[in-house]
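Colleague: Right, I'll just put the structure down here and ask away after.
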Amino acid sequence: MKAEKKFFGKTKEGHPVDIISFESSGLMRGELISYGAALKSLYLPDRAGVMDEVTYGFGSLAEYEENRCYFGASIGRVANRIKGGKFFIDGTPYQLTLNAGENHLHGGFKGFDRIAWDSELFLQPNAATVVFTYESPDGEEGYPGNLRASIAYTITDDNELSIIYKAESDKLTPFSPTNHSFWNLAGVRSGTILNHELELNCDFYLPAGDDKITTGEIRSVKGTPMDFTLRKRIGQDIDVVKPDGYDNCYVVNPAETDLRRAAILYDPGSGRKMEVLTMAPGVQIFSGNTTLTLPIANGLYSQRRGGFCIETEFFPDAVNKTYFKSPLLNPGEVFHSTTIHRFSAD
């Protein structure tokens with residue numbers, strides 16, 4: 001395992017940003033940056049050993065600051081949408097910033113994706129770990145409590161990428177982080193993800209309204225275009241999913257262990273496969289329906305439906321739906337959640 005930390009640049013506010021490059025003996029190589037605690041790049045071998053970039057990332061810090069695309073970014077304090085940006089804790093109302101029409105999305109205007117985190121690199125013989133840390137002050141984007149958060153990425157020689165989220169707060173506060181990488185296992189230059197095959201370990205999903213806020217219903221996927229319990233091509237039913245394709249949260253099936261399989265994404269052309277395991281109760285899938293065509297790193301371009309997101313998280317708007325698993329973090333409690341990505345090719 002090889003890894004190295006270097007200076008990437010300074011934000012407009014003058015905060016230094018690091019870039020950490022890594023390369024495993026399994027040929028996986030990539031980059032992380034401390035701006036947004038983000039996965040900037042990941043190259044994987046196909047079944048013939050040919051390497052290609054499989055995720056979206058910009059080439060410069062200025063592009064990350066100018067474009068709010070969430071490419072590879074850590075999301076928080078709360079991933080996904082909160083209706084009206086409002087919730088109550090013990091009868092006390094809280095109003096978050098509204099950055100998605102009349103709703104709050106992905107932590108607000110200054111969510112985790114817009115922060116220059118501190119970073120530390122720990123190198124072991126068979127793995128590299130990068131720990132990003134940030135202290136979010138009481139009232140930031142309307143959230144209660146001083147929150148100390150850490151996000152640790154570990155890359156192994158077995159071509160495994162794990163993300164461990166930890167946090168503590170001095171007040172009761174909602175906390176539901178995720179990672180927002182856009183995956184194209186055929187290679188970013190290959191076109192859309194419609195021929196990728198997806199399998200979800202999820203028998204139920206959460207319907208949402210036109211505003212993309214969950215209705216509160218938990219519905220079976222059986223007999224619907226939402227059913228990925230058996231592996232199928234993403235493009236098979238995408239155009240009958242309203243309003244514009246997949247952007248839905250699923251309920252991860254329970255298991256005897258906290259860490260359980262949520263998804264398998266497979267590209268039959270290259271043979272690249274990604275298995276996702278998580279401790280989170282839900283997984284949001286997003287087929288890049290609104291992704292813009294933008295120049296990204298290494299002379300490549302993003303495009304509509306050119307990347308697929310698999311976001312492990314609490315259910316959207318769970319803070320307002322008491323029958324969903326609660327995302328509230330108690331003062332003195334340590335939040336801990338792990339998501340693992342296992343890569344292979346066959």
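Residues in the structure tokens are named by chain (A, B, ... in the order shown) and by number from 1 within that chain; ligands are numbered from 1 in the order shown.
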List as a list in words the protein and nucleic acid residues near Gly245 of chain A, meaning an atom at most 12 Å away when only C-alpha atoms are counted, but skip any in the same chain fewer than 3 places from it.
Modeller: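 Close residues of Gly245 of chain A: Leu194, Lys212, Pro225, Met226, Ile234, Gly235, Gln236, Asp237, Ile238, Asp239, Val240, Val241, Lys242, Asn248, Ile285, Phe286, Ser287, Gly288, Asn289, Thr290, Arg304, Arg305 and Phe308 of chain A.
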Colleague: Quick one: residues within 12 Å of Ala167 of chain A, only C-alpha atoms, excluding same-chain residues fewer than 2 positions away - as an mmCIF file with C-alpha atoms, in the first residue's frame?
Modeller:
data_model
loop_
_atom_site.group_PDB
_atom_site.id
_atom_site.type_symbol
_atom_site.label_atom_id
_atom_site.label_comp_id
_atom_site.auth_asym_id
_atom_site.auth_seq_id
_atom_site.Cartn_x
_atom_site.Cartn_y
_atom_site.Cartn_z
ATOM 1 C CA GLY A 76 -24.195 16.187 6.634
ATOM 2 C CA ARG A 77 -25.240 17.016 9.176
ATOM 3 C CA PHE A 132 -11.115 13.881 8.379
ATOM 4 C CA THR A 133 -12.340 15.907 11.376
ATOM 5 C CA TYR A 134 -14.560 18.965 11.753
ATOM 6 C CA GLU A 135 -16.295 20.796 14.596
ATOM 7 C CA SER A 136 -19.658 22.178 13.523
ATOM 8 C CA GLY A 145 -25.478 21.601 19.351
ATOM 9 C CA ASN A 146 -21.734 21.779 18.936
ATOM 10 C CA LEU A 147 -20.990 18.674 16.873
ATOM 11 C CA ARG A 148 -17.569 17.012 16.630
ATOM 12 C CA ALA A 149 -17.515 14.784 13.572
ATOM 13 C CA SER A 150 -14.950 12.473 12.022
ATOM 14 C CA ILE A 151 -15.038 10.551 8.744
ATOM 15 C CA ALA A 152 -12.410 7.858 8.247
ATOM 16 C CA ILE A 164 -16.559 5.104 9.213
ATOM 17 C CA TYR A 165 -18.645 8.001 10.512
ATOM 18 C CA SER A 169 -22.781 16.564 20.285
ATOM 19 C CA ASP A 170 -23.450 18.603 23.411
ATOM 20 C CA LYS A 171 -27.157 18.905 22.498
ATOM 21 C CA THR A 173 -29.433 16.939 17.343
ATOM 22 C CA PRO A 174 -30.246 15.034 14.127
ATOM 23 C CA PHE A 175 -27.286 13.380 12.428
ATOM 24 C CA SER A 176 -27.391 11.267 9.271
ATOM 25 C CA PRO A 177 -24.212 11.443 7.164
ATOM 26 C CA LEU A 328 -31.316 11.980 16.775
ATOM 27 C CA LEU A 329 -27.931 11.915 18.491
ATOM 28 C CA ASN A 330 -28.074 12.268 22.267
ATOM 29 C CA PRO A 331 -25.553 14.433 24.128
ATOM 30 C CA GLY A 332 -22.785 12.248 25.511
ATOM 31 C CA GLU A 333 -23.539 9.504 23.000
ATOM 32 C CA VAL A 334 -21.027 8.522 20.290
ATOM 33 C CA PHE A 335 -22.541 8.063 16.846
ATOM 34 C CA HIS A 336 -20.870 5.272 14.866
ATOM 35 C CA SER A 337 -21.790 3.915 11.452
#
Colleague: So the first atom is atom CA of Glu160 of chain A and the second is atom CA of Arg231 of chain A; what is the distance between them in Å, to one decimal place?
Modeller: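 We find that atom CA of Glu160 of chain A and atom CA of Arg231 of chain A lie 21.8 Å from each other.
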Colleague: Residues near Gly9 of chain A, anyone? I mean within 8 Å using only C-alpha atoms, not counting same-chain ones fewer than 5 positions away, as number ranges by chain.
Modeller: A: 16-18, 61
Colleague: Would you mind exporting the chosen residues as a JSON list (two decimals), in the first residue's frame, restricted to C-alpha atoms?
Modeller:
[["chain", "number", "residue", "atom", "x", "y", "z"],
["A", 16, "PRO", "CA", -5.81, 25.04, 3.31],
["A", 17, "VAL", "CA", -6.99, 21.86, 1.59],
["A", 18, "ASP", "CA", -5.07, 18.57, 1.38],
["A", 61, "LEU", "CA", -10.28, 23.20, -5.79]]
Colleague: With DSSP run on the backbone, what are the strand (DSSP E or B) residues within segment 145-209 of chain A? I'd like them as a PyMOL selection string.
Modeller: chain A and resi 147-156+160-169+173-174+176+178-179+183+197-200+204-206+208
Colleague: Save out the residues we just selected, N, CA and C atoms, as an mmCIF file, in the first residue's frame.
Modeller:
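Saved file part27.cif follows:
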data_model
loop_
_atom_site.group_PDB
_atom_site.id
_atom_site.type_symbol
_atom_site.label_atom_id
_atom_site.label_comp_id
_atom_site.auth_asym_id
_atom_site.auth_seq_id
_atom_site.Cartn_x
_atom_site.Cartn_y
_atom_site.Cartn_z
ATOM 1 N N LEU A 147 -21.163 20.047 17.344
ATOM 2 C CA LEU A 147 -20.990 18.674 16.873
ATOM 3 C C LEU A 147 -19.539 18.451 16.466
ATOM 4 N N ARG A 148 -18.923 17.420 17.028
ATOM 5 C CA ARG A 148 -17.569 17.012 16.630
ATOM 6 C C ARG A 148 -17.694 15.754 15.772
ATOM 7 N N ALA A 149 -17.324 15.886 14.521
ATOM 8 C CA ALA A 149 -17.515 14.784 13.572
ATOM 9 C C ALA A 149 -16.186 14.319 13.008
ATOM 10 N N SER A 150 -16.104 13.031 12.726
ATOM 11 C CA SER A 150 -14.950 12.473 12.022
ATOM 12 C C SER A 150 -15.444 11.494 10.966
ATOM 13 N N ILE A 151 -14.743 11.475 9.839
ATOM 14 C CA ILE A 151 -15.038 10.551 8.744
ATOM 15 C C ILE A 151 -13.721 9.907 8.345
ATOM 16 N N ALA A 152 -13.645 8.590 8.505
ATOM 17 C CA ALA A 152 -12.410 7.858 8.247
ATOM 18 C C ALA A 152 -12.572 6.948 7.039
ATOM 19 N N TYR A 153 -11.771 7.191 6.016
ATOM 20 C CA TYR A 153 -11.707 6.317 4.850
ATOM 21 C C TYR A 153 -10.536 5.363 5.028
ATOM 22 N N THR A 154 -10.792 4.069 4.827
ATOM 23 C CA THR A 154 -9.714 3.086 4.840
ATOM 24 C C THR A 154 -9.699 2.336 3.520
ATOM 25 N N ILE A 155 -8.538 2.319 2.876
ATOM 26 C CA ILE A 155 -8.339 1.629 1.605
ATOM 27 C C ILE A 155 -7.411 0.452 1.862
ATOM 28 N N THR A 156 -7.776 -0.739 1.391
ATOM 29 C CA THR A 156 -6.977 -1.925 1.668
ATOM 30 C C THR A 156 -6.405 -2.523 0.383
ATOM 31 N N GLU A 160 -10.786 -2.830 -1.021
ATOM 32 C CA GLU A 160 -11.951 -2.498 -0.213
ATOM 33 C C GLU A 160 -11.820 -1.055 0.261
ATOM 34 N N LEU A 161 -12.907 -0.320 0.170
ATOM 35 C CA LEU A 161 -12.953 1.058 0.658
ATOM 36 C C LEU A 161 -14.040 1.141 1.725
ATOM 37 N N SER A 162 -13.644 1.427 2.956
ATOM 38 C CA SER A 162 -14.619 1.565 4.036
ATOM 39 C C SER A 162 -14.675 3.020 4.487
ATOM 40 N N ILE A 163 -15.863 3.423 4.939
ATOM 41 C CA ILE A 163 -16.072 4.769 5.469
ATOM 42 C C ILE A 163 -16.715 4.627 6.841
ATOM 43 N N ILE A 164 -16.044 5.157 7.847
ATOM 44 C CA ILE A 164 -16.559 5.104 9.213
ATOM 45 C C ILE A 164 -16.895 6.513 9.665
ATOM 46 N N TYR A 165 -18.164 6.706 10.039
ATOM 47 C CA TYR A 165 -18.645 8.001 10.512
ATOM 48 C C TYR A 165 -18.759 7.959 12.032
ATOM 49 N N LYS A 166 -18.217 8.998 12.695
ATOM 50 C CA LYS A 166 -18.360 9.128 14.140
ATOM 51 C C LYS A 166 -18.711 10.577 14.468
ATOM 52 N N ALA A 167 -19.446 10.766 15.565
ATOM 53 C CA ALA A 167 -19.800 12.126 15.970
ATOM 54 C C ALA A 167 -20.237 12.152 17.424
ATOM 55 N N GLU A 168 -20.059 13.314 18.054
ATOM 56 C CA GLU A 168 -20.558 13.601 19.394
ATOM 57 C C GLU A 168 -21.121 15.012 19.395
ATOM 58 N N SER A 169 -22.162 15.250 20.193
ATOM 59 C CA SER A 169 -22.781 16.564 20.285
ATOM 60 C C SER A 169 -23.076 16.900 21.737
ATOM 61 N N THR A 173 -29.449 16.399 18.702
ATOM 62 C CA THR A 173 -29.433 16.939 17.343
ATOM 63 C C THR A 173 -29.576 15.816 16.325
ATOM 64 N N PRO A 174 -30.199 16.064 15.165
ATOM 65 C CA PRO A 174 -30.246 15.034 14.127
ATOM 66 C C PRO A 174 -28.894 14.892 13.438
ATOM 67 N N SER A 176 -27.241 12.353 10.240
ATOM 68 C CA SER A 176 -27.391 11.267 9.271
ATOM 69 C C SER A 176 -26.452 11.534 8.095
ATOM 70 N N THR A 178 -23.686 10.718 4.916
ATOM 71 C CA THR A 178 -23.510 9.751 3.840
ATOM 72 C C THR A 178 -22.385 10.213 2.928
ATOM 73 N N ASN A 179 -22.096 9.401 1.931
ATOM 74 C CA ASN A 179 -21.154 9.768 0.872
ATOM 75 C C ASN A 179 -21.918 9.845 -0.438
ATOM 76 N N TRP A 183 -20.938 6.748 -9.387
ATOM 77 C CA TRP A 183 -20.199 5.593 -9.873
ATOM 78 C C TRP A 183 -20.557 5.268 -11.318
ATOM 79 N N GLU A 197 -26.036 -3.246 -14.025
ATOM 80 C CA GLU A 197 -27.021 -4.081 -13.351
ATOM 81 C C GLU A 197 -26.957 -3.812 -11.853
ATOM 82 N N LEU A 198 -28.131 -3.716 -11.242
ATOM 83 C CA LEU A 198 -28.233 -3.381 -9.824
ATOM 84 C C LEU A 198 -29.033 -4.445 -9.100
ATOM 85 N N GLU A 199 -28.546 -4.801 -7.921
ATOM 86 C CA GLU A 199 -29.290 -5.668 -7.001
ATOM 87 C C GLU A 199 -29.337 -4.986 -5.652
ATOM 88 N N LEU A 200 -30.534 -4.880 -5.074
ATOM 89 C CA LEU A 200 -30.712 -4.273 -3.763
ATOM 90 C C LEU A 200 -31.269 -5.304 -2.792
ATOM 91 N N PHE A 204 -38.543 -3.298 0.506
ATOM 92 C CA PHE A 204 -39.457 -2.156 0.638
ATOM 93 C C PHE A 204 -38.734 -0.857 0.270
ATOM 94 N N TYR A 205 -39.512 0.116 -0.175
ATOM 95 C CA TYR A 205 -38.975 1.446 -0.460
ATOM 96 C C TYR A 205 -39.924 2.500 0.095
ATOM 97 N N LEU A 206 -39.475 3.757 0.074
ATOM 98 C CA LEU A 206 -40.239 4.865 0.641
ATOM 99 C C LEU A 206 -40.739 5.764 -0.483
ATOM 100 N N ALA A 208 -42.178 8.935 -2.439
ATOM 101 C CA ALA A 208 -41.996 10.369 -2.203
ATOM 102 C C ALA A 208 -42.925 11.148 -3.117
#
Colleague: Just the number, please: distance in Å from atom CA of Pro295 of chain A to atom CA of Ser190 of chain A, one decimal.
Modeller: 14.9 Å
Colleague: May I have the residues within 12 Å of Pro254 of chain A as a PDB file with N, CA and C atoms, in the first residue's frame, using only C-alpha atoms and disregarding those fewer than 2 positions away in the same chain?
Modeller:
ATOM      1  N   ASN A 201     -30.676  -5.370  -1.625  1.00  0.00           N
ATOM      2  CA  ASN A 201     -31.174  -6.232  -0.556  1.00  0.00           C
ATOM      3  C   ASN A 201     -32.268  -5.488   0.194  1.00  0.00           C
ATOM      4  N   CYS A 202     -33.322  -5.152  -0.540  1.00  0.00           N
ATOM      5  CA  CYS A 202     -34.372  -4.262  -0.039  1.00  0.00           C
ATOM      6  C   CYS A 202     -35.723  -4.719  -0.580  1.00  0.00           C
ATOM      7  N   ASP A 203     -36.592  -5.158   0.303  1.00  0.00           N
ATOM      8  CA  ASP A 203     -37.935  -5.581  -0.101  1.00  0.00           C
ATOM      9  C   ASP A 203     -38.939  -4.432  -0.087  1.00  0.00           C
ATOM     10  N   PHE A 204     -38.543  -3.298   0.506  1.00  0.00           N
ATOM     11  CA  PHE A 204     -39.457  -2.156   0.638  1.00  0.00           C
ATOM     12  C   PHE A 204     -38.734  -0.857   0.270  1.00  0.00           C
ATOM     13  N   VAL A 251     -35.458   0.533   2.041  1.00  0.00           N
ATOM     14  CA  VAL A 251     -35.258  -0.017   3.382  1.00  0.00           C
ATOM     15  C   VAL A 251     -34.339  -1.234   3.272  1.00  0.00           C
ATOM     16  N   VAL A 252     -33.169  -1.167   3.879  1.00  0.00           N
ATOM     17  CA  VAL A 252     -32.253  -2.304   3.842  1.00  0.00           C
ATOM     18  C   VAL A 252     -32.814  -3.421   4.708  1.00  0.00           C
ATOM     19  N   GLU A 256     -28.813 -10.479  11.018  1.00  0.00           N
ATOM     20  CA  GLU A 256     -28.369 -10.798  12.372  1.00  0.00           C
ATOM     21  C   GLU A 256     -27.199  -9.919  12.817  1.00  0.00           C
ATOM     22  N   THR A 257     -26.532  -9.286  11.873  1.00  0.00           N
ATOM     23  CA  THR A 257     -25.403  -8.413  12.192  1.00  0.00           C
ATOM     24  C   THR A 257     -25.747  -6.973  11.816  1.00  0.00           C
ATOM     25  N   ASP A 258     -25.100  -6.015  12.472  1.00  0.00           N
ATOM     26  CA  ASP A 258     -25.341  -4.604  12.174  1.00  0.00           C
ATOM     27  C   ASP A 258     -24.903  -4.260  10.755  1.00  0.00           C
ATOM     28  N   LEU A 259     -23.789  -4.831  10.323  1.00  0.00           N
ATOM     29  CA  LEU A 259     -23.269  -4.574   8.982  1.00  0.00           C
ATOM     30  C   LEU A 259     -23.856  -5.604   8.031  1.00  0.00           C
ATOM     31  N   ARG A 260     -24.609  -5.124   7.043  1.00  0.00           N
ATOM     32  CA  ARG A 260     -25.288  -6.052   6.147  1.00  0.00           C
ATOM     33  C   ARG A 260     -25.232  -5.526   4.715  1.00  0.00           C
ATOM     34  N   ARG A 261     -25.378  -6.429   3.774  1.00  0.00           N
ATOM     35  CA  ARG A 261     -25.307  -6.053   2.363  1.00  0.00           C
ATOM     36  C   ARG A 261     -26.522  -5.230   1.992  1.00  0.00           C
ATOM     37  N   ALA A 262     -26.273  -4.097   1.330  1.00  0.00           N
ATOM     38  CA  ALA A 262     -27.350  -3.235   0.857  1.00  0.00           C
ATOM     39  C   ALA A 262     -27.504  -3.303  -0.651  1.00  0.00           C
ATOM     40  N   THR A 278     -23.545  -1.927   4.833  1.00  0.00           N
ATOM     41  CA  THR A 278     -23.759  -0.752   5.668  1.00  0.00           C
ATOM     42  C   THR A 278     -24.424  -1.101   6.992  1.00  0.00           C
ATOM     43  N   MET A 279     -24.287  -0.195   7.946  1.00  0.00           N
ATOM     44  CA  MET A 279     -25.026  -0.263   9.202  1.00  0.00           C
ATOM     45  C   MET A 279     -26.250   0.643   9.171  1.00  0.00           C
ATOM     46  N   ALA A 280     -26.377   1.470   8.132  1.00  0.00           N
ATOM     47  CA  ALA A 280     -27.484   2.419   8.037  1.00  0.00           C
ATOM     48  C   ALA A 280     -28.791   1.699   7.707  1.00  0.00           C
ATOM     49  N   PRO A 281     -29.935   2.248   8.116  1.00  0.00           N
ATOM     50  CA  PRO A 281     -31.213   1.579   7.850  1.00  0.00           C
ATOM     51  C   PRO A 281     -31.698   1.729   6.419  1.00  0.00           C
ATOM     52  N   GLY A 282     -31.208   2.746   5.710  1.00  0.00           N
ATOM     53  CA  GLY A 282     -31.704   2.999   4.366  1.00  0.00           C
ATOM     54  C   GLY A 282     -30.598   3.222   3.360  1.00  0.00           C
TER      55      GLY A 282
END
Colleague: Name all residues at most 8 Å from segment 25-31 of chain A (count only C-alpha atoms; drop same-chain ones fewer than 3 positions away) and give them as a ChimeraX atom specification.
Modeller: /A:1,19-22,39-45,157-159
Colleague: For Gly101 of chain A, which residue out of A:His196, A:Lys83, A:Lys321, A:Arg68 is the nearest one, using only C-alpha atoms?
Modeller: A:Lys83
Colleague: Write out as an MDAnalysis selection string the residues lying within 6 Å of segment 138-143 of chain A, counting only C-alpha atoms and excluding same-chain residues fewer than 3 positions away.
Modeller: chainID A and resid 95:97 146
Colleague: Which residue gives the smallest distance to Glu66 of chain A among A:Lys2, A:Arg219, A:His341, A:Lys12, with only C-alpha atoms counted?
Modeller: A:Lys12
Colleague: Using only C-alpha atoms for the distances, tell me which of A:Arg114, A:His15, A:Arg342, A:Lys222 is nearest to Cys69 of chain A.
Modeller: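 That would be A:Arg114, the residue with the smallest distance to Cys69 of chain A.
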Colleague: Give the alpha helix (DSSP H) residues of segment 39-264 of chain A, as assigned by DSSP on the backbone, as a list in words.
Modeller: Leu61, Ala62, Glu63, Tyr64, Glu65 and Glu66 of chain A
Colleague: Applying 10 Å and only C-alpha atoms, which residues near Gly216 of chain A remain after dropping the ones on its own chain fewer than 5 positions away? List them as a VMD selection string.
Modeller: chain A and resid 206 to 208 315 to 318 320 to 324
